[in-house]
>>> print(open('start_36.cif').read())   # mmCIF, C-alpha atoms
data_my_file
#
loop_
_atom_site.label_atom_id
_atom_site.label_comp_id
_atom_site.auth_asym_id
_atom_site.auth_seq_id
_atom_site.Cartn_x
_atom_site.Cartn_y
_atom_site.Cartn_z
CA MET A 1 17.10 -13.56 76.37
CA ARG A 2 16.34 -9.82 77.03
CA GLY A 3 19.41 -8.93 74.92
CA LEU A 4 18.10 -10.95 72.04
CA ILE A 5 14.66 -9.29 72.24
CA ARG A 6 16.24 -5.81 72.43
CA ASN A 7 18.47 -6.53 69.43
CA ASP A 8 15.48 -7.81 67.45
CA ARG A 9 13.49 -4.63 68.22
CA MET A 10 16.42 -2.45 67.15
CA GLY A 11 16.73 -4.45 63.93
CA ALA A 12 13.04 -3.96 63.23
CA ARG A 13 13.35 -0.19 63.77
CA PHE A 14 16.37 -0.08 61.44
CA ARG A 15 14.55 -1.96 58.70
CA ALA A 16 11.51 0.35 59.03
CA ALA A 17 13.71 3.43 58.84
CA LEU A 18 15.48 2.02 55.77
CA ALA A 19 12.15 1.31 54.06
CA LEU A 20 10.95 4.84 54.81
CA ALA A 21 14.14 6.35 53.42
CA SER A 22 13.82 4.23 50.28
CA ALA A 23 10.20 5.32 49.81
CA LEU A 24 11.11 8.99 50.22
CA LEU A 25 13.93 8.61 47.71
CA LEU A 26 11.58 6.91 45.24
CA LEU A 27 8.92 9.61 45.69
CA SER A 28 11.44 12.38 45.17
CA GLY A 29 12.58 10.67 41.95
CA CYS A 30 8.99 10.36 40.70
CA ALA A 31 8.41 14.02 41.46
CA SER A 32 11.35 15.07 39.30
CA TRP A 33 10.91 12.42 36.59
CA GLY A 34 9.65 13.97 33.37
CA LEU A 35 9.85 17.46 34.85
CA SER A 36 11.57 19.00 31.81
CA GLN A 37 9.18 17.26 29.41
CA ARG A 38 6.18 18.56 31.38
CA GLY A 39 7.59 22.06 31.29
CA TRP A 40 8.23 21.81 27.54
CA ALA A 41 4.69 20.58 26.85
CA SER A 42 3.20 23.29 29.08
CA ALA A 43 5.11 26.00 27.20
CA LEU A 44 3.85 24.69 23.86
CA GLU A 45 0.29 24.40 25.10
CA SER A 46 0.41 28.08 26.08
CA SER A 47 1.36 29.09 22.52
CA ASP A 48 -1.27 30.74 20.36
CA GLY A 49 -2.98 28.32 17.96
CA VAL A 50 -2.18 25.20 20.02
CA VAL A 51 -5.06 23.10 21.35
CA SER A 52 -3.00 20.61 23.35
CA ALA A 53 0.53 19.33 23.84
CA ASP A 54 1.30 16.00 25.44
CA TRP A 55 4.19 13.57 25.71
CA ARG A 56 4.59 9.89 26.43
CA TYR A 57 7.46 7.87 27.88
CA GLN A 58 7.96 4.36 26.54
CA ASN A 59 10.37 2.02 28.28
CA ASN A 60 11.53 -0.40 25.60
CA TRP A 61 13.97 -2.32 27.82
CA PRO A 62 15.47 -4.78 27.13
CA SER A 63 14.88 -4.72 23.37
CA SER A 64 15.85 -1.08 22.77
CA SER A 65 16.38 2.31 24.39
CA PRO A 66 13.51 4.21 26.01
CA ARG A 67 11.72 6.93 24.02
CA TYR A 68 9.97 10.22 24.67
CA ASP A 69 7.31 10.95 22.01
CA ALA A 70 5.21 14.10 21.89
CA THR A 71 1.94 15.01 20.17
CA VAL A 72 0.95 18.62 19.54
CA ILE A 73 -2.57 19.40 18.29
CA THR A 74 -3.12 22.79 16.66
CA LYS A 75 -6.19 24.62 15.50
CA PRO A 76 -7.09 23.98 11.83
CA ASP A 77 -6.29 27.62 10.95
CA PHE A 78 -2.76 27.48 12.42
CA SER A 79 -0.82 30.34 10.77
CA THR A 80 2.79 31.11 9.86
CA ALA A 81 2.87 33.79 12.57
CA GLN A 82 1.85 31.18 15.12
CA ALA A 83 4.50 28.88 13.66
CA HIS A 84 7.15 31.43 14.66
CA ASP A 85 5.89 31.55 18.27
CA LEU A 86 5.57 27.77 18.55
CA ALA A 87 9.10 27.27 17.22
CA GLU A 88 10.48 29.67 19.84
CA ALA A 89 8.57 27.92 22.63
CA SER A 90 9.78 24.46 21.58
CA CYS A 91 13.42 25.54 21.56
CA ALA A 92 13.33 27.70 24.72
CA GLN A 93 14.40 24.92 27.11
CA GLU A 94 16.53 21.82 27.06
CA THR A 95 14.65 18.55 27.24
CA ARG A 96 14.64 15.15 25.63
CA ILE A 97 11.95 14.53 23.03
CA ASP A 98 12.84 11.82 20.50
CA ALA A 99 10.02 12.57 18.06
CA ALA A 100 7.15 15.03 17.89
CA THR A 101 3.98 14.81 15.81
CA ILE A 102 2.21 18.09 15.07
CA ARG A 103 -1.33 17.70 13.77
CA THR A 104 -4.31 19.93 13.08
CA GLY A 105 -7.68 19.29 14.70
CA GLU A 106 -8.62 15.85 15.90
CA THR A 107 -7.21 12.47 14.89
CA SER A 108 -10.12 11.69 12.55
CA VAL A 109 -9.18 11.72 8.87
CA ALA A 110 -12.81 12.29 7.84
CA ASP A 111 -12.68 16.02 8.64
CA GLY A 112 -9.31 16.62 6.98
CA SER A 113 -6.04 16.87 8.85
CA VAL A 114 -2.44 17.96 8.34
CA GLU A 115 0.42 16.17 10.04
CA LEU A 116 4.11 16.88 10.49
CA ARG A 117 6.50 14.49 12.22
CA VAL A 118 9.94 15.72 13.30
CA GLU A 119 12.84 14.48 15.39
CA GLY A 120 13.88 16.26 18.58
CA ALA A 121 12.24 18.81 20.89
CA CYS A 122 13.36 21.96 19.06
CA ILE A 123 11.04 22.36 16.09
CA SER A 124 12.31 24.79 13.48
CA GLU A 125 10.25 27.69 12.19
CA ALA A 126 10.90 26.52 8.61
CA ALA A 127 9.28 23.15 9.30
CA LEU A 128 6.33 24.68 11.17
CA SER A 129 5.81 27.27 8.42
CA ARG A 130 5.49 24.43 5.91
CA PHE A 131 2.96 22.84 8.24
CA ALA A 132 1.00 26.10 8.49
CA ARG A 133 0.94 26.55 4.71
CA ALA A 134 -0.37 23.00 4.32
CA ALA A 135 -3.12 23.81 6.83
CA ALA A 136 -4.03 26.85 4.71
CA ALA A 137 -4.08 24.63 1.60
CA MET A 138 -6.45 22.22 3.36
CA ALA A 139 -8.79 25.13 4.15
CA GLU A 140 -8.95 26.04 0.43
CA LEU A 141 -10.34 22.66 -0.64
CA PRO A 142 -14.01 22.42 -1.63
CA SER A 143 -14.26 19.24 0.48
CA THR A 144 -11.90 17.85 3.12
CA ASP A 145 -13.77 14.59 3.72
CA GLY A 146 -11.25 11.78 3.84
CA VAL A 147 -8.33 14.09 2.97
CA ARG A 148 -5.07 14.05 4.90
CA PHE A 149 -1.69 15.71 4.31
CA ALA A 150 1.47 14.27 5.86
CA LEU A 151 4.53 16.46 5.36
CA GLY A 152 7.89 14.83 4.81
CA ILE A 153 10.87 16.16 6.79
CA THR A 154 14.27 14.46 6.61
CA GLY A 155 16.18 14.31 9.91
CA THR A 156 15.66 16.91 12.62
CA SER A 157 13.52 19.92 11.80
CA GLU A 158 16.55 22.22 12.31
CA GLN A 159 17.98 20.64 9.14
CA THR A 160 14.99 21.79 7.07
CA ASP A 161 16.23 23.94 4.19
CA PRO A 162 13.62 26.40 2.92
CA SER A 163 14.71 25.51 -0.63
CA ASP A 164 14.05 21.78 -0.15
CA ALA A 165 11.23 20.25 -2.17
CA TYR A 166 7.82 20.52 -0.54
CA THR A 167 7.12 16.82 -0.01
CA VAL A 168 3.59 15.75 0.91
CA ARG A 169 1.99 12.32 1.23
CA VAL A 170 -1.71 12.69 0.50
CA THR A 171 -4.61 10.51 1.55
CA ALA A 172 -7.66 11.06 -0.63
CA PRO A 173 -10.98 9.23 -1.06
CA ASP A 174 -10.78 9.27 -4.86
CA THR A 175 -8.83 10.75 -7.78
CA ALA A 176 -11.52 13.42 -8.26
CA ALA A 177 -10.12 15.24 -5.21
CA LEU A 178 -6.63 15.65 -6.71
CA PRO A 179 -7.32 18.47 -9.24
CA SER A 180 -8.12 20.78 -6.31
CA ILE A 181 -5.46 19.39 -3.96
CA VAL A 182 -2.50 19.78 -6.32
CA PRO A 183 -2.89 23.55 -7.03
CA ALA A 184 -3.51 24.25 -3.33
CA LEU A 185 -0.34 22.41 -2.32
CA GLN A 186 1.66 24.03 -5.12
CA ASN A 187 0.73 27.40 -3.64
CA ALA A 188 1.73 26.07 -0.22
CA ALA A 189 5.12 25.05 -1.64
CA ASP A 190 5.83 28.79 -1.81
CA GLY A 191 8.30 28.77 -4.69
CA THR A 192 9.88 25.37 -4.02
CA PRO A 193 9.33 22.18 -6.05
CA LEU A 194 6.25 20.16 -5.09
CA VAL A 195 6.57 16.39 -4.67
CA LEU A 196 3.22 14.74 -3.98
CA THR A 197 2.43 11.06 -3.59
CA ALA A 198 -1.00 9.53 -3.03
CA GLU A 199 -1.37 5.76 -2.69
CA ARG A 200 -4.24 3.29 -2.32
CA ILE A 201 -6.77 5.83 -3.60
CA GLY A 202 -10.22 4.27 -3.56
CA ALA A 203 -8.85 1.02 -2.12
CA VAL A 204 -11.71 -1.18 -0.93
CA GLY A 205 -10.44 -4.72 -0.56
CA GLY A 206 -7.72 -4.10 -3.18
CA SER A 207 -4.61 -2.08 -3.79
CA GLY A 208 -6.36 1.00 -5.17
CA THR A 209 -4.57 3.41 -7.48
CA SER A 210 -1.63 5.75 -6.93
CA VAL A 211 -0.72 9.25 -8.08
CA GLU A 212 2.73 10.83 -8.21
CA VAL A 213 3.17 14.56 -8.91
CA SER A 214 6.49 16.36 -9.28
CA LEU A 215 6.20 20.03 -10.29
CA GLN A 216 8.74 22.83 -10.46
CA THR A 217 7.84 26.47 -9.89
CA GLY A 218 6.01 27.87 -12.90
CA ALA A 219 4.62 24.54 -14.09
CA ARG A 220 1.42 24.70 -16.16
CA THR A 221 -0.67 23.35 -13.34
CA ASP A 222 -4.09 24.28 -14.77
CA ASP A 223 -3.36 22.54 -18.07
CA LEU A 224 -1.88 19.52 -16.30
CA MET A 225 -4.93 19.20 -14.05
CA GLU A 226 -7.21 19.36 -17.10
CA LEU A 227 -5.30 16.39 -18.48
CA PHE A 228 -5.31 14.68 -15.10
CA GLU A 229 -9.10 14.68 -15.02
CA LEU A 230 -9.12 12.98 -18.43
CA ALA A 231 -6.44 10.50 -17.32
CA ALA A 232 -8.49 9.54 -14.27
CA ARG A 233 -11.30 8.34 -16.58
CA ILE A 234 -8.99 5.66 -17.98
CA ASP A 235 -8.96 2.31 -16.17
CA HIS A 236 -5.61 2.81 -14.46
CA ARG A 237 -3.31 1.73 -11.64
CA ARG A 238 -1.02 4.75 -11.55
CA ILE A 239 -0.91 8.33 -12.87
CA THR A 240 2.34 10.30 -12.90
CA VAL A 241 2.46 14.05 -13.52
CA SER A 242 5.60 16.11 -14.19
CA ASP A 243 6.17 19.63 -15.54
CA ALA A 244 5.60 18.79 -19.19
CA ALA A 245 4.21 15.25 -19.26
CA ILE A 246 1.51 12.99 -17.88
CA SER A 247 1.82 9.20 -17.79
CA VAL A 248 -0.94 6.67 -17.24
CA ALA A 249 -0.19 3.07 -16.31
CA THR A 250 -3.38 1.26 -17.27
CA SER A 251 -4.95 -1.73 -15.56
CA SER A 252 -5.49 -3.58 -18.82
CA THR A 253 -4.23 -3.71 -22.37
CA GLU A 254 -7.75 -2.86 -23.52
CA ALA A 255 -7.66 0.48 -21.68
CA VAL A 256 -4.68 1.63 -23.78
CA THR A 257 -6.88 1.79 -26.88
CA SER A 258 -10.05 2.98 -25.15
CA SER A 259 -11.97 6.13 -26.11
CA ALA A 260 -10.89 7.73 -22.82
CA ALA A 261 -7.24 7.18 -23.75
CA ALA A 262 -7.84 8.69 -27.19
CA GLU A 263 -9.48 11.73 -25.60
CA LEU A 264 -6.47 12.26 -23.32
CA SER A 265 -4.02 11.98 -26.21
CA ALA A 266 -5.98 14.51 -28.28
CA ALA A 267 -6.14 17.03 -25.42
CA ALA A 268 -2.43 16.61 -24.68
CA ASP A 269 -1.56 17.26 -28.33
CA ARG A 270 -3.71 20.41 -28.27
CA LEU A 271 -1.93 21.69 -25.15
CA GLY A 272 1.55 20.67 -26.28
CA ILE A 273 2.07 18.35 -23.32
CA GLU A 274 3.36 14.81 -23.72
CA ALA A 275 0.94 12.02 -22.76
CA ARG A 276 2.18 8.45 -22.26
CA ILE A 277 -0.42 5.69 -21.95
CA ALA A 278 0.77 2.12 -21.49
CA PHE A 279 -0.26 -1.07 -19.76
CA ASP A 280 1.23 -1.31 -16.27
CA GLU A 281 3.60 -4.26 -16.45
CA GLY A 282 4.44 -4.05 -12.75
CA ALA A 283 7.39 -2.63 -10.87
CA SER A 284 10.82 -3.63 -12.12
CA THR A 285 12.69 -6.06 -9.91
CA GLY A 286 15.94 -4.23 -10.64
CA ASP A 287 17.77 -7.39 -11.69
CA GLN A 288 16.61 -7.56 -15.31
CA ASP A 289 18.53 -6.12 -18.24
CA ALA A 290 17.23 -4.40 -21.36
CA SER A 291 16.91 -7.68 -23.26
CA SER A 292 14.72 -9.11 -20.50
CA ASP A 293 12.51 -6.04 -20.60
CA ALA A 294 12.21 -6.38 -24.36
CA ALA A 295 11.27 -10.06 -24.05
CA ARG A 296 8.58 -9.19 -21.53
CA ASP A 297 7.17 -6.41 -23.72
CA THR A 298 7.11 -8.74 -26.71
CA ALA A 299 5.33 -11.47 -24.76
CA LEU A 300 2.66 -9.08 -23.48
CA ASP A 301 2.06 -7.85 -27.02
CA GLN A 302 1.83 -11.45 -28.27
CA LEU A 303 -0.75 -12.27 -25.59
CA THR A 304 -3.12 -9.68 -27.05
CA ARG A 305 -2.62 -11.16 -30.55
CA VAL A 306 -3.45 -14.82 -29.88
CA PRO A 307 -6.16 -16.32 -32.14
CA GLY A 308 -9.32 -14.33 -31.47
CA GLY A 309 -7.39 -11.80 -29.38
CA ALA A 310 -7.18 -11.41 -25.61
CA VAL A 311 -7.17 -8.77 -22.90
CA VAL A 312 -4.46 -8.71 -20.24
CA GLU A 313 -5.55 -7.06 -17.00
CA TYR A 314 -4.93 -7.06 -13.29
CA ALA A 315 -7.23 -9.23 -11.23
CA SER A 316 -8.89 -7.35 -8.39
CA PRO A 317 -8.02 -7.41 -5.58
CA GLY A 318 -4.33 -8.20 -5.76
CA SER A 319 -1.71 -8.02 -8.47
CA GLU A 320 -2.30 -11.33 -10.28
CA LEU A 321 -2.55 -10.85 -14.03
CA ALA A 322 -5.56 -12.22 -15.85
CA VAL A 323 -5.52 -13.08 -19.58
CA ARG A 324 -9.06 -13.26 -20.95
CA THR A 325 -9.10 -15.01 -24.31
CA HIS A 326 -11.94 -14.48 -26.78
CA GLU A 327 -11.68 -17.84 -28.56
CA ILE A 328 -10.78 -21.29 -27.29
CA ALA A 329 -7.89 -21.46 -29.76
CA GLY A 330 -6.31 -18.49 -28.04
CA LEU A 331 -6.24 -20.26 -24.67
CA GLU A 332 -3.50 -22.76 -25.51
CA ALA A 333 -1.52 -20.11 -27.42
CA ALA A 334 -1.58 -17.76 -24.42
CA VAL A 335 -0.50 -20.51 -22.02
CA ARG A 336 2.41 -21.39 -24.32
CA ILE A 337 3.60 -17.77 -24.48
CA ILE A 338 3.63 -17.39 -20.68
CA ALA A 339 5.33 -20.73 -20.10
CA ALA A 340 8.00 -19.86 -22.68
CA THR A 341 8.77 -16.39 -21.22
CA PRO A 342 10.38 -16.52 -17.78
CA GLU A 343 11.03 -12.76 -18.08
CA LEU A 344 7.34 -12.16 -17.38
CA ARG A 345 6.84 -11.39 -13.70
CA GLY A 346 4.23 -12.57 -11.23
CA SER A 347 1.52 -15.14 -11.74
CA PHE A 348 -1.15 -15.43 -14.43
CA ARG A 349 -4.63 -16.80 -14.83
CA VAL A 350 -5.45 -17.58 -18.44
CA HIS A 351 -9.24 -17.71 -18.81
CA ALA A 352 -11.09 -19.59 -21.52
CA PRO A 353 -13.98 -17.75 -23.19
CA ASP A 354 -17.31 -18.19 -21.45
CA GLY A 355 -18.55 -21.67 -22.22
CA GLY A 356 -21.18 -22.03 -19.54
CA THR A 357 -18.64 -23.01 -16.88
CA ALA A 358 -15.48 -21.22 -15.76
CA PHE A 359 -12.14 -22.61 -16.93
CA TRP A 360 -8.71 -21.16 -16.31
CA VAL A 361 -5.07 -22.14 -16.28
CA ALA A 362 -2.97 -20.88 -13.38
CA VAL A 363 0.63 -20.50 -14.50
CA ARG A 364 3.85 -18.83 -13.42
CA PRO A 365 6.22 -17.88 -16.26
CA GLY A 366 8.78 -20.58 -16.94
CA ALA A 367 7.35 -23.01 -14.34
CA VAL A 368 6.86 -25.76 -16.95
CA SER A 369 7.79 -26.15 -20.61
CA PRO A 370 5.43 -24.80 -23.29
CA GLU A 371 4.77 -28.37 -24.47
CA VAL A 372 3.77 -29.57 -20.99
CA ALA A 373 1.61 -26.46 -20.52
CA ALA A 374 -0.18 -26.99 -23.83
CA GLU A 375 -0.81 -30.69 -23.22
CA ALA A 376 -2.21 -30.04 -19.72
CA THR A 377 -4.48 -27.30 -21.10
CA ARG A 378 -5.88 -29.57 -23.81
CA SER A 379 -6.38 -32.41 -21.35
CA GLY A 380 -8.14 -30.08 -18.88
CA LEU A 381 -10.54 -28.90 -21.58
CA SER A 382 -11.23 -32.49 -22.53
CA ALA A 383 -11.97 -33.41 -18.90
CA ARG A 384 -14.39 -30.50 -18.58
CA SER A 385 -16.35 -31.63 -21.62
CA SER A 386 -16.71 -35.17 -20.25
CA ILE A 387 -18.52 -34.17 -17.03
CA THR A 388 -21.88 -32.49 -16.47
CA GLY A 389 -22.77 -30.18 -13.58
CA ILE A 390 -19.34 -28.51 -13.36
CA ASP A 391 -18.96 -25.17 -11.60
CA ARG A 392 -15.33 -24.51 -12.59
CA THR A 393 -12.20 -26.25 -13.85
CA ILE A 394 -8.69 -25.21 -12.87
CA VAL A 395 -5.44 -26.41 -14.41
CA HIS A 396 -2.55 -25.45 -12.13
CA LEU A 397 0.85 -25.57 -13.83
CA ALA A 398 3.01 -26.06 -10.75
CA GLU A 399 6.78 -26.57 -10.92
CA SER A 400 6.25 -30.08 -9.54
CA GLY A 401 3.93 -30.81 -12.45
CA PRO A 402 0.43 -29.97 -13.75
CA GLU A 403 -2.55 -30.45 -11.45
CA LEU A 404 -6.24 -30.60 -12.35
CA THR A 405 -9.13 -29.66 -10.04
CA ILE A 406 -12.79 -29.77 -10.99
CA TYR A 407 -15.52 -28.29 -8.79
CA LEU A 408 -19.04 -29.73 -9.07
CA ARG A 409 -22.29 -27.84 -8.62
CA ASP A 410 -24.17 -31.08 -8.05
CA ALA A 411 -22.88 -32.80 -4.91
CA SER A 412 -25.27 -35.78 -5.06
CA SER A 413 -23.66 -39.19 -4.67
CA SER A 414 -24.61 -40.20 -8.21
CA ALA A 415 -23.06 -37.03 -9.71
CA VAL A 416 -19.88 -37.47 -7.67
CA THR A 417 -19.57 -41.14 -8.66
CA ALA A 418 -20.08 -40.35 -12.35
CA ALA A 419 -17.52 -37.53 -12.22
CA ARG A 420 -14.94 -39.73 -10.49
CA ASP A 421 -15.40 -42.42 -13.12
CA ALA A 422 -14.96 -39.83 -15.89
CA LEU A 423 -11.81 -38.39 -14.28
CA ALA A 424 -10.11 -41.73 -13.59
CA PRO A 425 -8.51 -41.95 -17.08
CA TYR A 426 -7.08 -38.43 -16.67
CA ALA A 427 -5.65 -39.37 -13.27
CA GLY A 428 -3.84 -42.26 -14.91
CA SER A 429 -2.83 -40.48 -18.12
CA GLY A 430 0.50 -39.21 -16.80
CA VAL A 431 -0.34 -35.65 -17.86
CA PHE A 432 -1.25 -34.57 -14.32
CA THR A 433 0.63 -35.27 -11.10
CA GLU A 434 -2.69 -34.96 -9.25
CA VAL A 435 -6.40 -34.87 -10.18
CA ARG A 436 -8.97 -33.63 -7.66
CA LEU A 437 -12.76 -33.57 -7.58
CA ALA A 438 -14.26 -31.00 -5.18
CA ALA A 439 -17.86 -30.55 -4.08
CA ASN A 440 -19.81 -29.79 -0.93
CA GLY A 441 -19.52 -32.72 1.43
CA ILE A 442 -16.24 -34.07 0.02
CA ASP A 443 -13.40 -33.75 2.55
CA PHE A 444 -10.14 -32.37 1.22
CA ASP A 445 -8.31 -35.64 1.80
CA ASP A 446 -10.99 -37.49 -0.22
CA GLN A 447 -10.80 -35.15 -3.23
CA VAL A 448 -7.91 -36.94 -4.95
CA VAL A 449 -9.05 -39.15 -7.80
CA PRO A 450 -6.94 -42.35 -7.88
CA ALA A 451 -5.53 -43.67 -11.11
CA PRO A 452 -7.34 -46.79 -12.39
#
>>> encode(input="start_36.cif", output="structure tokens")
Amino acid sequence: MRGLIRNDRMGARFRAALALASALLLLSGCASWGLSQRGWASALESSDGVVSADWRYQNNWPSSSPRYDATVITKPDFSTAQAHDLAEASCAQETRIDAATIRTGETSVADGSVELRVEGACISEAALSRFARAAAAMAELPSTDGVRFALGITGTSEQTDPSDAYTVRVTAPDTAALPSIVPALQNAADGTPLVLTAERIGAVGGSGTSVEVSLQTGARTDDLMELFELAARIDHRRITVSDAAISVATSSTEAVTSSAAAELSAAADRLGIEARIAFDEGASTGDQDASSDAARDTALDQLTRVPGGAVVEYASPGSELAVRTHEIAGLEAAVRIIAATPELRGSFRVHAPDGGTAFWVAVRPGAVSPEVAAEATRSGLSARSSITGIDRTIVHLAESGPELTIYLRDASSSAVTAARDALAPYAGSGVFTEVRLAANGIDFDDQVVPAP
């Protein structure tokens, strides 16, 4: 028995000693873990012009490999001389940093900030000099509220060629900020081509507008910015500026012939710079040939020439196209054109002229035949005229067949009963696969009007 007790005590001592050794080994590993990254960050933080330098380890097991990401915050007036010192400090010791973000000031965009993201721990002087010049450009602006510059670097910063284009993604509160931003960044480009992109400008619940600028050294920037200010007055979705041309993709067909468009064309002629103003037909899908593009262009032109005329424009928010007809005769004609042209992209709402209640036809190009589309449109108009107290009428030309939905303002039982009685013949006409009557208090499942 004593032997068993002695053996048990010895086993307990052995297990305690093993636990202590394991703890010491773990502590020694923790002490050395991240040591090179801490030293790297400390060296950067000691560099002139640097506010802080930090790093973060992210263990992505088992989905992917772990990462070391660093963030370096500089003073807003970070200079090219300080860029030289910071580059030397970042490359002075071996460590693993997968990606580093260098940013001026605080994280808030409201006060203006410049950001550079590079791969690896060793940040080249060429990349940091570009960052410093962008910081100087930010300081030149009359207002930095809501302005942000993000510099584009391909691959590791050591691969940055001083002759590479100066690529900047700009965040701006509105297009009015661009005429001061572009010249400042062109100076920052320091003799290299400037490539600037700004997206979702002024976006509040929608897609906003975009600006693309591509300028070589010696471009007539002052003249181009004069034209840009005129272009921004046009109802647009995108403005593109190159060395000798400015292009405006308008939000509507009406904007192409507006007085603002005429003013831009006249100024461009005076300055000898080409101005292109056209309705934005949407981005090409890449799988359509020249004949398809021609068919689309023809159809869009025909939509503006329906009886009484029409305006084609982008609904906001989103990218759905709206066709607003001026006469009821133009409604059916517009629906026929869209149904007959599968080359048109996206979805359309064809609106009838204001008749006291809203009426539109929702159609995707080529979803149904022109004959089916026209018949459903006529039948929908007829149904609207047979019911009082309507808020809106929608004819949906789905691939499975036309559908009709009428929304009532008056949700009283008598109004609902009268409307159902009036819609029953349309439910049984064979024109629509489904007829619905919607109003407050009517459950979705009870909206379908049965055929008589």
>>> residues_around(input="start_36.cif", residues="segment 67-82 of chain A", least_positions_apart="5", cutoff="6 Å", atoms="only C-alpha atoms", output="PyMOL selection string")
chain A and resi 49-58+97-105+129+132
>>> resolve_selection(input="start_36.cif", expression="the PyMOL selection byres ((chain A and resi 252) around 8)", output="list of chain:residue names")
A:Asp235, A:His236, A:Thr250, A:Ser251, A:Thr253, A:Glu254, A:Ala255, A:Val256, A:Phe279, A:Asp280, A:Val311, A:Val312, A:Glu313, A:Tyr314
>>> resolve_selection(input="start_36.cif", expression="the PyMOL selection byres ((chain A and resi 398) around 8)", output="list in words")
Val363, Arg364, Ala367, Val368, His396, Leu397, Glu399, Ser400, Gly401, Pro402 and Glu403 of chain A
>>> atom_distance(input="start_36.cif", atom1="atom CA of Arg336 of chain A", atom2="atom CA of Ala373 of chain A")
6.4 Å
>>> atom_distance(input="start_36.cif", atom1="atom CA of Asp293 of chain A", atom2="atom CA of Pro365 of chain A")
14.1 Å
>>> residues_around(input="start_36.cif", residues="Gly202 of chain A", least_positions_apart="5", cutoff="8 Å", atoms="all atoms listed in the file", output="PDB file with C-alpha atoms, in the frame of the given file")
ATOM      1  CA  ALA A 172      -7.660  11.060  -0.630  1.00  0.00           C
ATOM      2  CA  PRO A 173     -10.980   9.230  -1.060  1.00  0.00           C
ATOM      3  CA  ASP A 174     -10.780   9.270  -4.860  1.00  0.00           C
ATOM      4  CA  THR A 175      -8.830  10.750  -7.780  1.00  0.00           C
ATOM      5  CA  GLY A 208      -6.360   1.000  -5.170  1.00  0.00           C
ATOM      6  CA  THR A 209      -4.570   3.410  -7.480  1.00  0.00           C
TER       7      THR A 209
END
>>> closest_residue(input="start_36.cif", among="A:Ala176, A:Val170, A:Ala188, A:Ile234", to="Glu140 of chain A", atoms="all atoms listed in the file")
A:Ala188
>>> resolve_selection(input="start_36.cif", expression="the PyMOL selection byres ((chain A and resi 274) around 6)", output="compact mmCIF listing (two decimals) with C-alpha atoms, in the frame of the given file")
# COMPACT_ATOMS: atom_id res chain seq x y z
CA ALA A 245 4.21 15.25 -19.26
CA ILE A 273 2.07 18.35 -23.32
CA ALA A 275 0.94 12.02 -22.76
>>> closest_residue(input="start_36.cif", among="A:Ser258, A:Thr221, A:Thr388, A:Asn440", to="Ser242 of chain A", atoms="all atoms listed in the file")
A:Thr221
>>> residues_around(input="start_36.cif", residues="Ala339 of chain A", least_positions_apart="2", cutoff="6 Å", atoms="only C-alpha atoms", output="list in words")
Arg336, Ile337, Thr341, Pro365, Gly366, Ser369 and Pro370 of chain A
>>> atom_distance(input="start_36.cif", atom1="atom CA of Glu199 of chain A", atom2="atom CA of Thr171 of chain A")
7.1 Å
>>> closest_residue(input="start_36.cif", among="A:Val416, A:Val435, A:Ile390, A:Val335", to="Glu371 of chain A", atoms="all atoms listed in the file")
A:Val335
>>> closest_residue(input="start_36.cif", among="A:Thr298, A:Asn59, A:Thr144, A:Gln37", to="Arg96 of chain A", atoms="all atoms listed in the file")
A:Gln37
>>> residues_around(input="start_36.cif", residues="Gly428 of chain A", least_positions_apart="5", cutoff="9 Å", atoms="only C-alpha atoms", output="list in words")
Leu423, Pro450, Ala451 and Pro452 of chain A
>>> closest_residue(input="start_36.cif", among="A:Leu44, A:Ala427, A:Ala165, A:Leu437", to="Ile123 of chain A", atoms="only C-alpha atoms")
A:Leu44
>>> residues_near_point(input="start_36.cif", point="(-10.2, -13.9, -13.4)", cutoff="7 Å", atoms="only C-alpha atoms", output="PyMOL selection string")
chain A and resi 315+322+349+351
>>> residues_near_point(input="start_36.cif", point="(-2.1, 12.9, -11.2)", cutoff="10 Å", atoms="all atoms listed in the file", output="VMD selection string")
chain A and resid 175 to 176 178 to 179 182 196 to 198 210 to 214 224 to 225 227 to 229 231 to 232 238 to 242 246 to 248
>>> residues_around(input="start_36.cif", residues="Arg270 of chain A", least_positions_apart="5", cutoff="12 Å", atoms="all atoms listed in the file", output="PyMOL selection string")
chain A and resi 223+226-227+263-265+275
